[in-house]
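Enquirer: I am sharing my_file.csv, which consists of CSV, N, CA and C atoms:
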chain,number,residue,atom,x,y,z
A,1,GLN,N,0.8,-1.2,0.0
A,1,GLN,CA,0.0,0.0,0.0
A,1,GLN,C,0.9,1.2,0.0
A,2,VAL,N,0.7,2.1,-1.0
A,2,VAL,CA,1.5,3.4,-1.1
A,2,VAL,C,0.5,4.5,-0.9
A,3,GLN,N,0.9,5.4,0.0
A,3,GLN,CA,0.1,6.7,0.1
A,3,GLN,C,1.1,7.9,0.0
A,4,LEU,N,0.6,9.0,-0.5
A,4,LEU,CA,1.5,10.1,-0.8
A,4,LEU,C,0.9,11.3,-0.1
A,5,VAL,N,1.7,12.1,0.6
A,5,VAL,CA,1.3,13.3,1.2
A,5,VAL,C,2.2,14.5,0.9
A,6,GLU,N,1.6,15.5,0.2
A,6,GLU,CA,2.4,16.6,-0.2
A,6,GLU,C,2.4,17.7,0.9
A,7,SER,N,3.5,18.6,0.9
A,7,SER,CA,3.5,19.7,1.7
A,7,SER,C,4.5,20.8,1.1
A,8,GLY,N,4.4,22.0,1.6
A,8,GLY,CA,5.3,23.0,1.1
A,8,GLY,C,4.7,24.1,0.2
A,9,GLY,N,3.5,24.0,-0.1
A,9,GLY,CA,2.9,25.0,-1.0
A,9,GLY,C,2.7,26.3,-0.2
A,10,GLY,N,2.2,27.3,-0.9
A,10,GLY,CA,2.0,28.6,-0.3
A,10,GLY,C,2.0,29.7,-1.4
A,11,LYS,N,2.0,31.0,-0.9
A,11,LYS,CA,2.0,32.1,-1.8
A,11,LYS,C,3.4,32.7,-1.8
A,12,VAL,N,3.9,33.0,-3.0
A,12,VAL,CA,5.2,33.6,-3.2
A,12,VAL,C,5.1,34.6,-4.3
A,13,GLN,N,6.0,35.6,-4.2
A,13,GLN,CA,6.1,36.6,-5.2
A,13,GLN,C,6.8,36.1,-6.5
A,14,PRO,N,6.5,36.7,-7.6
A,14,PRO,CA,7.2,36.3,-8.9
A,14,PRO,C,8.7,36.5,-8.7
A,15,GLY,N,9.4,35.5,-9.2
A,15,GLY,CA,10.9,35.4,-9.0
A,15,GLY,C,11.3,34.7,-7.8
A,16,GLY,N,10.4,34.4,-6.9
A,16,GLY,CA,10.7,33.7,-5.7
A,16,GLY,C,10.9,32.2,-5.8
A,17,SER,N,11.1,31.5,-4.7
A,17,SER,CA,11.3,30.0,-4.7
A,17,SER,C,10.4,29.4,-3.7
A,18,LEU,N,10.1,28.1,-3.9
A,18,LEU,CA,9.4,27.2,-3.0
A,18,LEU,C,10.0,25.8,-3.2
A,19,ARG,N,9.9,25.0,-2.1
A,19,ARG,CA,10.3,23.6,-2.2
A,19,ARG,C,9.1,22.8,-1.7
A,20,LEU,N,8.6,22.0,-2.6
A,20,LEU,CA,7.5,21.0,-2.3
A,20,LEU,C,8.1,19.7,-1.9
A,21,SER,N,7.5,19.0,-0.9
A,21,SER,CA,7.9,17.7,-0.5
A,21,SER,C,6.7,16.7,-0.7
A,22,CYS,N,7.0,15.5,-0.9
A,22,CYS,CA,6.0,14.4,-1.0
A,22,CYS,C,6.5,13.2,-0.3
A,23,ALA,N,5.9,13.0,0.9
A,23,ALA,CA,6.3,11.8,1.7
A,23,ALA,C,5.4,10.6,1.3
A,24,ALA,N,6.1,9.5,1.1
A,24,ALA,CA,5.4,8.2,0.7
A,24,ALA,C,5.5,7.2,1.8
A,25,SER,N,4.4,6.5,1.9
A,25,SER,CA,4.4,5.3,2.8
A,25,SER,C,4.7,4.1,2.0
A,26,GLY,N,5.1,3.0,2.7
A,26,GLY,CA,5.3,1.7,2.0
A,26,GLY,C,6.8,1.5,1.9
A,27,SER,N,7.1,0.2,1.5
A,27,SER,CA,8.5,-0.2,1.5
A,27,SER,C,9.2,-0.3,0.1
A,28,ILE,N,8.4,0.1,-0.9
A,28,ILE,CA,8.9,0.0,-2.3
A,28,ILE,C,9.3,1.3,-2.9
A,29,PHE,N,9.4,2.4,-2.1
A,29,PHE,CA,9.6,3.7,-2.6
A,29,PHE,C,10.8,3.8,-3.6
A,30,SER,N,11.9,3.1,-3.2
A,30,SER,CA,13.1,3.3,-3.9
A,30,SER,C,13.1,2.8,-5.3
A,31,ILE,N,12.1,2.0,-5.7
A,31,ILE,CA,12.0,1.5,-7.1
A,31,ILE,C,11.0,2.2,-7.9
A,32,LEU,N,10.2,3.1,-7.2
A,32,LEU,CA,9.1,3.7,-7.9
A,32,LEU,C,9.6,4.9,-8.8
A,33,VAL,N,9.0,5.1,-9.9
A,33,VAL,CA,9.1,6.3,-10.7
A,33,VAL,C,8.1,7.3,-10.0
A,34,MET,N,8.7,8.5,-9.6
A,34,MET,CA,7.8,9.5,-9.0
A,34,MET,C,7.6,10.7,-9.9
A,35,ALA,N,6.5,11.3,-9.8
A,35,ALA,CA,6.2,12.4,-10.7
A,35,ALA,C,5.5,13.6,-9.9
A,36,TRP,N,5.7,14.7,-10.4
A,36,TRP,CA,4.9,15.9,-10.0
A,36,TRP,C,4.1,16.4,-11.1
A,37,TYR,N,2.8,16.6,-10.9
A,37,TYR,CA,1.9,17.1,-11.8
A,37,TYR,C,1.4,18.5,-11.2
A,38,ARG,N,0.7,19.3,-12.1
A,38,ARG,CA,0.1,20.5,-11.6
A,38,ARG,C,-1.2,20.7,-12.4
A,39,GLN,N,-2.1,21.4,-11.7
A,39,GLN,CA,-3.4,21.8,-12.4
A,39,GLN,C,-3.6,23.2,-12.1
A,40,PRO,N,-3.4,24.1,-13.1
A,40,PRO,CA,-3.7,25.5,-13.0
A,40,PRO,C,-5.2,25.7,-12.9
A,41,PRO,N,-5.6,26.9,-12.4
A,41,PRO,CA,-7.1,27.1,-12.2
A,41,PRO,C,-7.7,27.1,-13.6
A,42,GLY,N,-8.8,26.3,-13.7
A,42,GLY,CA,-9.6,26.2,-14.9
A,42,GLY,C,-8.9,25.5,-16.1
A,43,LYS,N,-7.8,24.8,-15.8
A,43,LYS,CA,-7.1,24.1,-16.8
A,43,LYS,C,-6.9,22.6,-16.5
A,44,GLN,N,-6.4,21.8,-17.4
A,44,GLN,CA,-6.2,20.4,-17.2
A,44,GLN,C,-4.9,20.2,-16.4
A,45,ARG,N,-4.9,19.0,-15.8
A,45,ARG,CA,-3.7,18.6,-15.1
A,45,ARG,C,-2.6,18.3,-16.1
A,46,GLU,N,-1.3,18.7,-15.8
A,46,GLU,CA,-0.2,18.5,-16.7
A,46,GLU,C,1.0,17.9,-15.9
A,47,LEU,N,1.7,17.1,-16.6
A,47,LEU,CA,3.0,16.5,-16.0
A,47,LEU,C,4.0,17.6,-15.9
A,48,VAL,N,4.7,17.7,-14.8
A,48,VAL,CA,5.8,18.7,-14.6
A,48,VAL,C,7.1,18.1,-14.7
A,49,ALA,N,7.3,17.0,-13.9
A,49,ALA,CA,8.7,16.4,-13.8
A,49,ALA,C,8.5,15.0,-13.3
A,50,THR,N,9.5,14.1,-13.7
A,50,THR,CA,9.6,12.8,-13.2
A,50,THR,C,11.0,12.4,-12.8
A,51,ILE,N,11.1,11.4,-11.9
A,51,ILE,CA,12.4,11.0,-11.5
A,51,ILE,C,12.3,9.5,-11.2
A,52,THR,N,13.3,8.7,-11.8
A,52,THR,CA,13.3,7.3,-11.6
A,52,THR,C,13.9,6.9,-10.2
A,53,GLY,N,13.9,5.7,-9.9
A,53,GLY,CA,14.5,5.2,-8.6
A,53,GLY,C,16.0,5.5,-8.6
A,54,ALA,N,16.6,5.5,-9.8
A,54,ALA,CA,18.1,5.7,-9.9
A,54,ALA,C,18.4,7.2,-10.0
A,55,GLY,N,17.4,8.0,-10.2
A,55,GLY,CA,17.6,9.5,-10.2
A,55,GLY,C,17.6,10.1,-11.5
A,56,THR,N,17.2,9.4,-12.6
A,56,THR,CA,17.1,10.0,-13.9
A,56,THR,C,15.9,10.9,-13.9
A,57,THR,N,16.0,12.1,-14.4
A,57,THR,CA,15.0,13.1,-14.4
A,57,THR,C,14.5,13.6,-15.7
A,58,ASN,N,13.3,14.0,-15.8
A,58,ASN,CA,12.7,14.7,-17.0
A,58,ASN,C,11.8,15.8,-16.6
A,59,TYR,N,11.7,16.8,-17.5
A,59,TYR,CA,10.9,18.0,-17.2
A,59,TYR,C,10.1,18.4,-18.4
A,60,VAL,N,9.0,19.0,-18.1
A,60,VAL,CA,8.3,19.7,-19.2
A,60,VAL,C,9.0,21.0,-19.6
A,61,ASP,N,9.0,21.3,-20.8
A,61,ASP,CA,9.8,22.4,-21.3
A,61,ASP,C,9.6,23.7,-20.5
A,62,SER,N,8.4,24.0,-20.1
A,62,SER,CA,8.1,25.3,-19.4
A,62,SER,C,8.8,25.4,-18.1
A,63,VAL,N,9.3,24.4,-17.5
A,63,VAL,CA,10.0,24.5,-16.2
A,63,VAL,C,11.5,24.1,-16.2
A,64,LYS,N,12.0,23.7,-17.4
A,64,LYS,CA,13.4,23.4,-17.5
A,64,LYS,C,14.3,24.6,-17.1
A,65,GLY,N,15.3,24.3,-16.3
A,65,GLY,CA,16.2,25.4,-15.9
A,65,GLY,C,15.7,26.1,-14.7
A,66,ARG,N,14.4,25.9,-14.3
A,66,ARG,CA,13.9,26.6,-13.1
A,66,ARG,C,13.5,25.6,-12.0
A,67,PHE,N,13.0,24.4,-12.3
A,67,PHE,CA,12.6,23.5,-11.3
A,67,PHE,C,13.6,22.3,-11.3
A,68,ILE,N,13.7,21.7,-10.1
A,68,ILE,CA,14.6,20.6,-9.9
A,68,ILE,C,13.8,19.5,-9.1
A,69,ILE,N,13.6,18.3,-9.6
A,69,ILE,CA,13.0,17.2,-8.9
A,69,ILE,C,14.2,16.4,-8.3
A,70,SER,N,14.0,15.9,-7.1
A,70,SER,CA,15.0,15.1,-6.5
A,70,SER,C,14.3,14.1,-5.5
A,71,ARG,N,15.0,13.2,-5.0
A,71,ARG,CA,14.4,12.2,-4.1
A,71,ARG,C,15.5,11.8,-3.0
A,72,ASP,N,15.0,11.4,-1.9
A,72,ASP,CA,15.8,10.9,-0.8
A,72,ASP,C,15.1,9.5,-0.5
A,73,ASN,N,15.7,8.4,-1.0
A,73,ASN,CA,15.1,7.1,-0.8
A,73,ASN,C,15.1,6.7,0.7
A,74,ALA,N,16.1,7.2,1.4
A,74,ALA,CA,16.2,6.8,2.9
A,74,ALA,C,15.0,7.4,3.7
A,75,LYS,N,14.5,8.6,3.1
A,75,LYS,CA,13.4,9.2,3.8
A,75,LYS,C,12.0,9.0,3.1
A,76,ASN,N,12.0,8.2,2.0
A,76,ASN,CA,10.8,8.0,1.3
A,76,ASN,C,10.2,9.3,0.8
A,77,THR,N,11.0,10.2,0.4
A,77,THR,CA,10.5,11.5,0.0
A,77,THR,C,11.0,12.0,-1.3
A,78,VAL,N,10.1,12.6,-2.1
A,78,VAL,CA,10.5,13.3,-3.3
A,78,VAL,C,10.2,14.8,-3.2
A,79,TYR,N,11.1,15.6,-3.8
A,79,TYR,CA,11.0,17.0,-3.7
A,79,TYR,C,10.9,17.7,-5.0
A,80,LEU,N,10.3,18.9,-5.0
A,80,LEU,CA,10.3,19.7,-6.2
A,80,LEU,C,10.8,21.1,-5.8
A,81,GLN,N,12.0,21.5,-6.1
A,81,GLN,CA,12.5,22.8,-5.9
A,81,GLN,C,12.1,23.7,-7.0
A,82,MET,N,11.4,24.7,-6.7
A,82,MET,CA,10.9,25.6,-7.8
A,82,MET,C,11.5,27.0,-7.6
A,83,ASN,N,12.3,27.4,-8.6
A,83,ASN,CA,13.0,28.7,-8.6
A,83,ASN,C,12.4,29.6,-9.7
A,84,SER,N,12.7,30.9,-9.6
A,84,SER,CA,12.3,31.9,-10.6
A,84,SER,C,10.8,31.7,-10.9
A,85,LEU,N,10.0,31.6,-9.9
A,85,LEU,CA,8.6,31.3,-10.1
A,85,LEU,C,7.9,32.4,-10.9
A,86,LYS,N,6.9,32.0,-11.7
A,86,LYS,CA,6.2,33.0,-12.5
A,86,LYS,C,4.7,32.8,-12.2
A,87,PRO,N,3.9,33.9,-12.5
A,87,PRO,CA,2.5,33.8,-12.2
A,87,PRO,C,1.8,32.5,-12.8
A,88,GLU,N,2.3,32.2,-14.0
A,88,GLU,CA,1.7,31.0,-14.7
A,88,GLU,C,2.1,29.7,-14.1
A,89,ASP,N,2.9,29.7,-13.0
A,89,ASP,CA,3.2,28.5,-12.3
A,89,ASP,C,2.1,28.3,-11.2
A,90,THR,N,1.2,29.2,-11.0
A,90,THR,CA,0.2,29.1,-10.0
A,90,THR,C,-0.7,27.8,-10.4
A,91,ALA,N,-0.8,26.9,-9.4
A,91,ALA,CA,-1.5,25.7,-9.6
A,91,ALA,C,-1.6,24.9,-8.3
A,92,VAL,N,-2.4,23.9,-8.4
A,92,VAL,CA,-2.3,22.8,-7.3
A,92,VAL,C,-1.4,21.8,-7.8
A,93,TYR,N,-0.4,21.5,-7.0
A,93,TYR,CA,0.7,20.5,-7.4
A,93,TYR,C,0.4,19.2,-6.7
A,94,TYR,N,0.5,18.1,-7.5
A,94,TYR,CA,0.2,16.8,-7.0
A,94,TYR,C,1.4,15.9,-7.2
A,95,CYS,N,1.6,15.1,-6.2
A,95,CYS,CA,2.6,14.0,-6.3
A,95,CYS,C,1.9,12.7,-6.9
A,96,ASN,N,2.7,11.9,-7.6
A,96,ASN,CA,2.0,10.8,-8.3
A,96,ASN,C,3.0,9.7,-8.5
A,97,THR,N,2.5,8.4,-8.4
A,97,THR,CA,3.3,7.3,-8.8
A,97,THR,C,2.4,6.3,-9.4
A,98,LYS,N,2.9,5.4,-10.3
A,98,LYS,CA,2.1,4.4,-11.0
A,98,LYS,C,2.6,3.0,-10.5
A,99,LEU,N,1.6,2.3,-9.8
A,99,LEU,CA,1.9,1.0,-9.4
A,99,LEU,C,1.4,0.0,-10.6
A,100,VAL,N,1.6,-1.2,-10.4
A,100,VAL,CA,1.2,-2.2,-11.4
A,100,VAL,C,-0.3,-2.1,-11.6
A,101,VAL,N,-1.0,-2.0,-10.6
A,101,VAL,CA,-2.5,-2.1,-10.6
A,101,VAL,C,-3.2,-0.8,-10.6
A,102,ARG,N,-2.6,0.3,-10.2
A,102,ARG,CA,-3.3,1.6,-10.1
A,102,ARG,C,-2.3,2.7,-10.0
A,103,GLU,N,-2.8,3.9,-10.2
A,103,GLU,CA,-2.1,5.1,-9.9
A,103,GLU,C,-2.4,5.6,-8.5
A,104,VAL,N,-1.4,6.3,-7.9
A,104,VAL,CA,-1.6,6.8,-6.6
A,104,VAL,C,-1.3,8.3,-6.7
A,105,TRP,N,-2.2,9.1,-6.1
A,105,TRP,CA,-2.1,10.6,-6.1
A,105,TRP,C,-2.1,11.1,-4.6
A,106,GLY,N,-1.4,12.1,-4.4
A,106,GLY,CA,-1.5,12.8,-3.2
A,106,GLY,C,-2.7,13.8,-3.2
A,107,GLN,N,-2.9,14.5,-2.1
A,107,GLN,CA,-4.1,15.3,-2.0
A,107,GLN,C,-3.9,16.7,-2.7
A,108,GLY,N,-2.6,17.0,-3.0
A,108,GLY,CA,-2.3,18.3,-3.7
A,108,GLY,C,-2.0,19.4,-2.7
A,109,THR,N,-1.1,20.3,-3.2
A,109,THR,CA,-0.8,21.5,-2.4
A,109,THR,C,-0.8,22.7,-3.3
A,110,LEU,N,-1.4,23.8,-2.9
A,110,LEU,CA,-1.6,24.9,-3.7
A,110,LEU,C,-0.4,25.8,-3.7
A,111,VAL,N,0.1,26.2,-4.9
A,111,VAL,CA,1.1,27.2,-5.1
A,111,VAL,C,0.6,28.4,-5.8
A,112,THR,N,0.7,29.6,-5.2
A,112,THR,CA,0.2,30.8,-5.8
A,112,THR,C,1.4,31.7,-5.9
A,113,VAL,N,1.6,32.2,-7.2
A,113,VAL,CA,2.6,33.1,-7.5
A,113,VAL,C,2.0,34.5,-7.9
A,114,SER,N,2.1,35.4,-7.0
A,114,SER,CA,1.4,36.7,-7.2
A,114,SER,C,2.1,37.8,-6.4
A,115,SER,N,2.1,39.0,-6.9
A,115,SER,CA,2.6,40.1,-6.2
A,115,SER,C,1.5,40.8,-5.4
Could the structure of this file be written out as structure tokens, please?
Expert:
Amino acid sequence: QVQLVESGGGKVQPGGSLRLSCAASGSIFSILVMAWYRQPPGKQRELVATITGAGTTNYVDSVKGRFIISRDNAKNTVYLQMNSLKPEDTAVYYCNTKLVVREVWGQGTLVTVSS
């Protein structure tokens, strides 16, 4: 059984930074591909970044060079460091992983970028 709990959202000014965390339960975290998605107001959910158990990362073009996904397998936690934030980064951010039989989502954490 895997459960995901996000934290770290909040309001930040344009150009600022935030770090999101996603804590996972269960004993298989280290082999899971973890992902961050986001859903802006009134828009569809989109994939932001992924990281494999070995640490290989991928990003959507709009966040390349600004966001960094990382993981600490000893703490069963995945992070999303968000730098140079823009108003268009405003969204609910979700942690995600895909098991053999189902997808698992966290409850989401709101990030608001506004002056």
Enquirer: Write out as a PDB file with N, CA and C atoms, keeping the file's coordinate frame which residues come within 6 Å of Met34 (chain A) when counting all atoms listed in the file, dropping same-chain ones fewer than 4 positions away.
Expert:
ATOM      1  N   ALA A  49       7.300  17.000 -13.900  1.00  0.00           N
ATOM      2  CA  ALA A  49       8.700  16.400 -13.800  1.00  0.00           C
ATOM      3  C   ALA A  49       8.500  15.000 -13.300  1.00  0.00           C
ATOM      4  N   THR A  50       9.500  14.100 -13.700  1.00  0.00           N
ATOM      5  CA  THR A  50       9.600  12.800 -13.200  1.00  0.00           C
ATOM      6  C   THR A  50      11.000  12.400 -12.800  1.00  0.00           C
ATOM      7  N   ILE A  51      11.100  11.400 -11.900  1.00  0.00           N
ATOM      8  CA  ILE A  51      12.400  11.000 -11.500  1.00  0.00           C
ATOM      9  C   ILE A  51      12.300   9.500 -11.200  1.00  0.00           C
ATOM     10  N   THR A  52      13.300   8.700 -11.800  1.00  0.00           N
ATOM     11  CA  THR A  52      13.300   7.300 -11.600  1.00  0.00           C
ATOM     12  C   THR A  52      13.900   6.900 -10.200  1.00  0.00           C
ATOM     13  N   GLY A  53      13.900   5.700  -9.900  1.00  0.00           N
ATOM     14  CA  GLY A  53      14.500   5.200  -8.600  1.00  0.00           C
ATOM     15  C   GLY A  53      16.000   5.500  -8.600  1.00  0.00           C
ATOM     16  N   ASN A  96       2.700  11.900  -7.600  1.00  0.00           N
ATOM     17  CA  ASN A  96       2.000  10.800  -8.300  1.00  0.00           C
ATOM     18  C   ASN A  96       3.000   9.700  -8.500  1.00  0.00           C
ATOM     19  N   THR A  97       2.500   8.400  -8.400  1.00  0.00           N
ATOM     20  CA  THR A  97       3.300   7.300  -8.800  1.00  0.00           C
ATOM     21  C   THR A  97       2.400   6.300  -9.400  1.00  0.00           C
TER      22      THR A  97
END
Enquirer: Would you tabulate, counting only N, CA and C atoms, all residues of region 2-25 of chain A that have an atom at most 5 Å from an atom of region 65-82 of chain A, showing the closest pair of atoms and their distance in Å to one decimal, sorted by chain then ascending number, as a tab-separated table?
Expert:
residue	atom	partner	partner_atom	distance
A:Ser17	CA	A:Met82	C	4.2
A:Leu18	C	A:Met82	N	3.9
A:Arg19	CA	A:Gln81	CA	4.4
A:Leu20	C	A:Leu80	N	3.9
A:Ser21	CA	A:Tyr79	CA	4.5
A:Cys22	N	A:Val78	C	4.0
A:Ala23	CA	A:Thr77	CA	4.5
A:Ala24	N	A:Asn76	C	4.1
Enquirer: Could you take the residues named above and write them with N, CA and C atoms, as a CSV table (one decimal), in the coordinates of the input?
Expert:
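Listing of selection25.csv after writing:
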chain,number,residue,atom,x,y,z
A,17,SER,N,11.1,31.5,-4.7
A,17,SER,CA,11.3,30.0,-4.7
A,17,SER,C,10.4,29.4,-3.7
A,18,LEU,N,10.1,28.1,-3.9
A,18,LEU,CA,9.4,27.2,-3.0
A,18,LEU,C,10.0,25.8,-3.2
A,19,ARG,N,9.9,25.0,-2.1
A,19,ARG,CA,10.3,23.6,-2.2
A,19,ARG,C,9.1,22.8,-1.7
A,20,LEU,N,8.6,22.0,-2.6
A,20,LEU,CA,7.5,21.0,-2.3
A,20,LEU,C,8.1,19.7,-1.9
A,21,SER,N,7.5,19.0,-0.9
A,21,SER,CA,7.9,17.7,-0.5
A,21,SER,C,6.7,16.7,-0.7
A,22,CYS,N,7.0,15.5,-0.9
A,22,CYS,CA,6.0,14.4,-1.0
A,22,CYS,C,6.5,13.2,-0.3
A,23,ALA,N,5.9,13.0,0.9
A,23,ALA,CA,6.3,11.8,1.7
A,23,ALA,C,5.4,10.6,1.3
A,24,ALA,N,6.1,9.5,1.1
A,24,ALA,CA,5.4,8.2,0.7
A,24,ALA,C,5.5,7.2,1.8
Enquirer: What are the closest atom pairs, with distances in Å to one decimal, for each residue of region 59-105 of chain A lying within 5 Å of region 38-44 of chain A, using only N, CA and C atoms, rows by chain and rising residue number, as CSV?
Expert:
residue,atom,partner,partner_atom,distance
A:Thr90,C,A:Pro40,CA,4.6
A:Ala91,CA,A:Pro40,CA,4.1
A:Val92,N,A:Gln39,C,4.0
A:Tyr93,CA,A:Arg38,CA,4.2
A:Tyr94,N,A:Arg38,N,4.8
Enquirer: Only N, CA and C atoms, please: the residues just picked out, written as an mmCIF file, in the coordinates of the input.
Expert:
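Printed below is out13.cif as written:
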data_model
loop_
_atom_site.group_PDB
_atom_site.id
_atom_site.type_symbol
_atom_site.label_atom_id
_atom_site.label_comp_id
_atom_site.auth_asym_id
_atom_site.auth_seq_id
_atom_site.Cartn_x
_atom_site.Cartn_y
_atom_site.Cartn_z
ATOM 1 N N THR A 90 1.200 29.200 -11.000
ATOM 2 C CA THR A 90 0.200 29.100 -10.000
ATOM 3 C C THR A 90 -0.700 27.800 -10.400
ATOM 4 N N ALA A 91 -0.800 26.900 -9.400
ATOM 5 C CA ALA A 91 -1.500 25.700 -9.600
ATOM 6 C C ALA A 91 -1.600 24.900 -8.300
ATOM 7 N N VAL A 92 -2.400 23.900 -8.400
ATOM 8 C CA VAL A 92 -2.300 22.800 -7.300
ATOM 9 C C VAL A 92 -1.400 21.800 -7.800
ATOM 10 N N TYR A 93 -0.400 21.500 -7.000
ATOM 11 C CA TYR A 93 0.700 20.500 -7.400
ATOM 12 C C TYR A 93 0.400 19.200 -6.700
ATOM 13 N N TYR A 94 0.500 18.100 -7.500
ATOM 14 C CA TYR A 94 0.200 16.800 -7.000
ATOM 15 C C TYR A 94 1.400 15.900 -7.200
#
Enquirer: Can you tell me which residues surround Gln13 (chain A) at a distance of at most 8 Å, considering all atoms listed in the file, apart from same-chain residues fewer than 6 positions away, and format the answer as a short mmCIF file (atom, residue, chain, number, x, y, z; two decimals) with N, CA and C atoms, keeping the file's coordinate frame?
Expert:
data_model
loop_
_atom_site.label_atom_id
_atom_site.label_comp_id
_atom_site.auth_asym_id
_atom_site.auth_seq_id
_atom_site.Cartn_x
_atom_site.Cartn_y
_atom_site.Cartn_z
N SER A 84 12.70 30.90 -9.60
CA SER A 84 12.30 31.90 -10.60
C SER A 84 10.80 31.70 -10.90
N LEU A 85 10.00 31.60 -9.90
CA LEU A 85 8.60 31.30 -10.10
C LEU A 85 7.90 32.40 -10.90
N LYS A 86 6.90 32.00 -11.70
CA LYS A 86 6.20 33.00 -12.50
C LYS A 86 4.70 32.80 -12.20
N PRO A 87 3.90 33.90 -12.50
CA PRO A 87 2.50 33.80 -12.20
C PRO A 87 1.80 32.50 -12.80
N THR A 112 0.70 29.60 -5.20
CA THR A 112 0.20 30.80 -5.80
C THR A 112 1.40 31.70 -5.90
N VAL A 113 1.60 32.20 -7.20
CA VAL A 113 2.60 33.10 -7.50
C VAL A 113 2.00 34.50 -7.90
N SER A 114 2.10 35.40 -7.00
CA SER A 114 1.40 36.70 -7.20
C SER A 114 2.10 37.80 -6.40
N SER A 115 2.10 39.00 -6.90
CA SER A 115 2.60 40.10 -6.20
C SER A 115 1.50 40.80 -5.40
#
Enquirer: From the set A:Ser30, A:Leu99, A:Asn58, A:Lys64, which residue has the shortest atom-to-atom contact distance to Asn83 (chain A), counting only C-alpha atoms?
Expert: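 Closest to Asn83 (chain A), using only C-alpha atoms: A:Lys64.
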Enquirer: CA of Val5 (chain A) and CA of Ile28 (chain A) are how many Å apart?
Expert: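 Atom-to-atom, CA of Val5 (chain A) to CA of Ile28 (chain A), that is 15.7 Å.
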Enquirer: For each of A:Val2, A:Val111, A:Ala54, A:Val48, take the minimum atom-to-atom distance to Val33 (chain A), counting only N, CA and C atoms, then give the residue where this is smallest.
Expert: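 Closest to Val33 (chain A), using only N, CA and C atoms: A:Ala54.
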Enquirer: Could you please determine the separation between CA of Thr56 (chain A) and atom C of Gly9 (chain A) in Å, to one decimal place?
Expert: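 For CA of Thr56 (chain A) relative to atom C of Gly9 (chain A), the distance reads 25.7 Å.
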Enquirer: Closest to Ala35 (chain A) among A:Val104, A:Val63, A:Cys95, A:Ser7, using only N, CA and C atoms?
Expert: A:Cys95
Enquirer: Between atom N of Trp105 (chain A) and CA of Gln3 (chain A), what is the distance in Å, rounded to a tenth?
Expert: 7.0 Å
Enquirer: Can you tell me, as a VMD selection string, which residues in region 60-110 of chain A count as helix (DSSP H, G or I) by DSSP?
Expert: chain A and resid 61 to 63 87 to 89
Enquirer: If DSSP is run on the backbone, what residues of chain A are strand (DSSP E)? A reply as number ranges by chain would be ideal.
Expert: A: 4-7, 10-12, 18-24, 34-39, 46-51, 57-59, 67-72, 77-82, 91-98, 103-105, 109-113
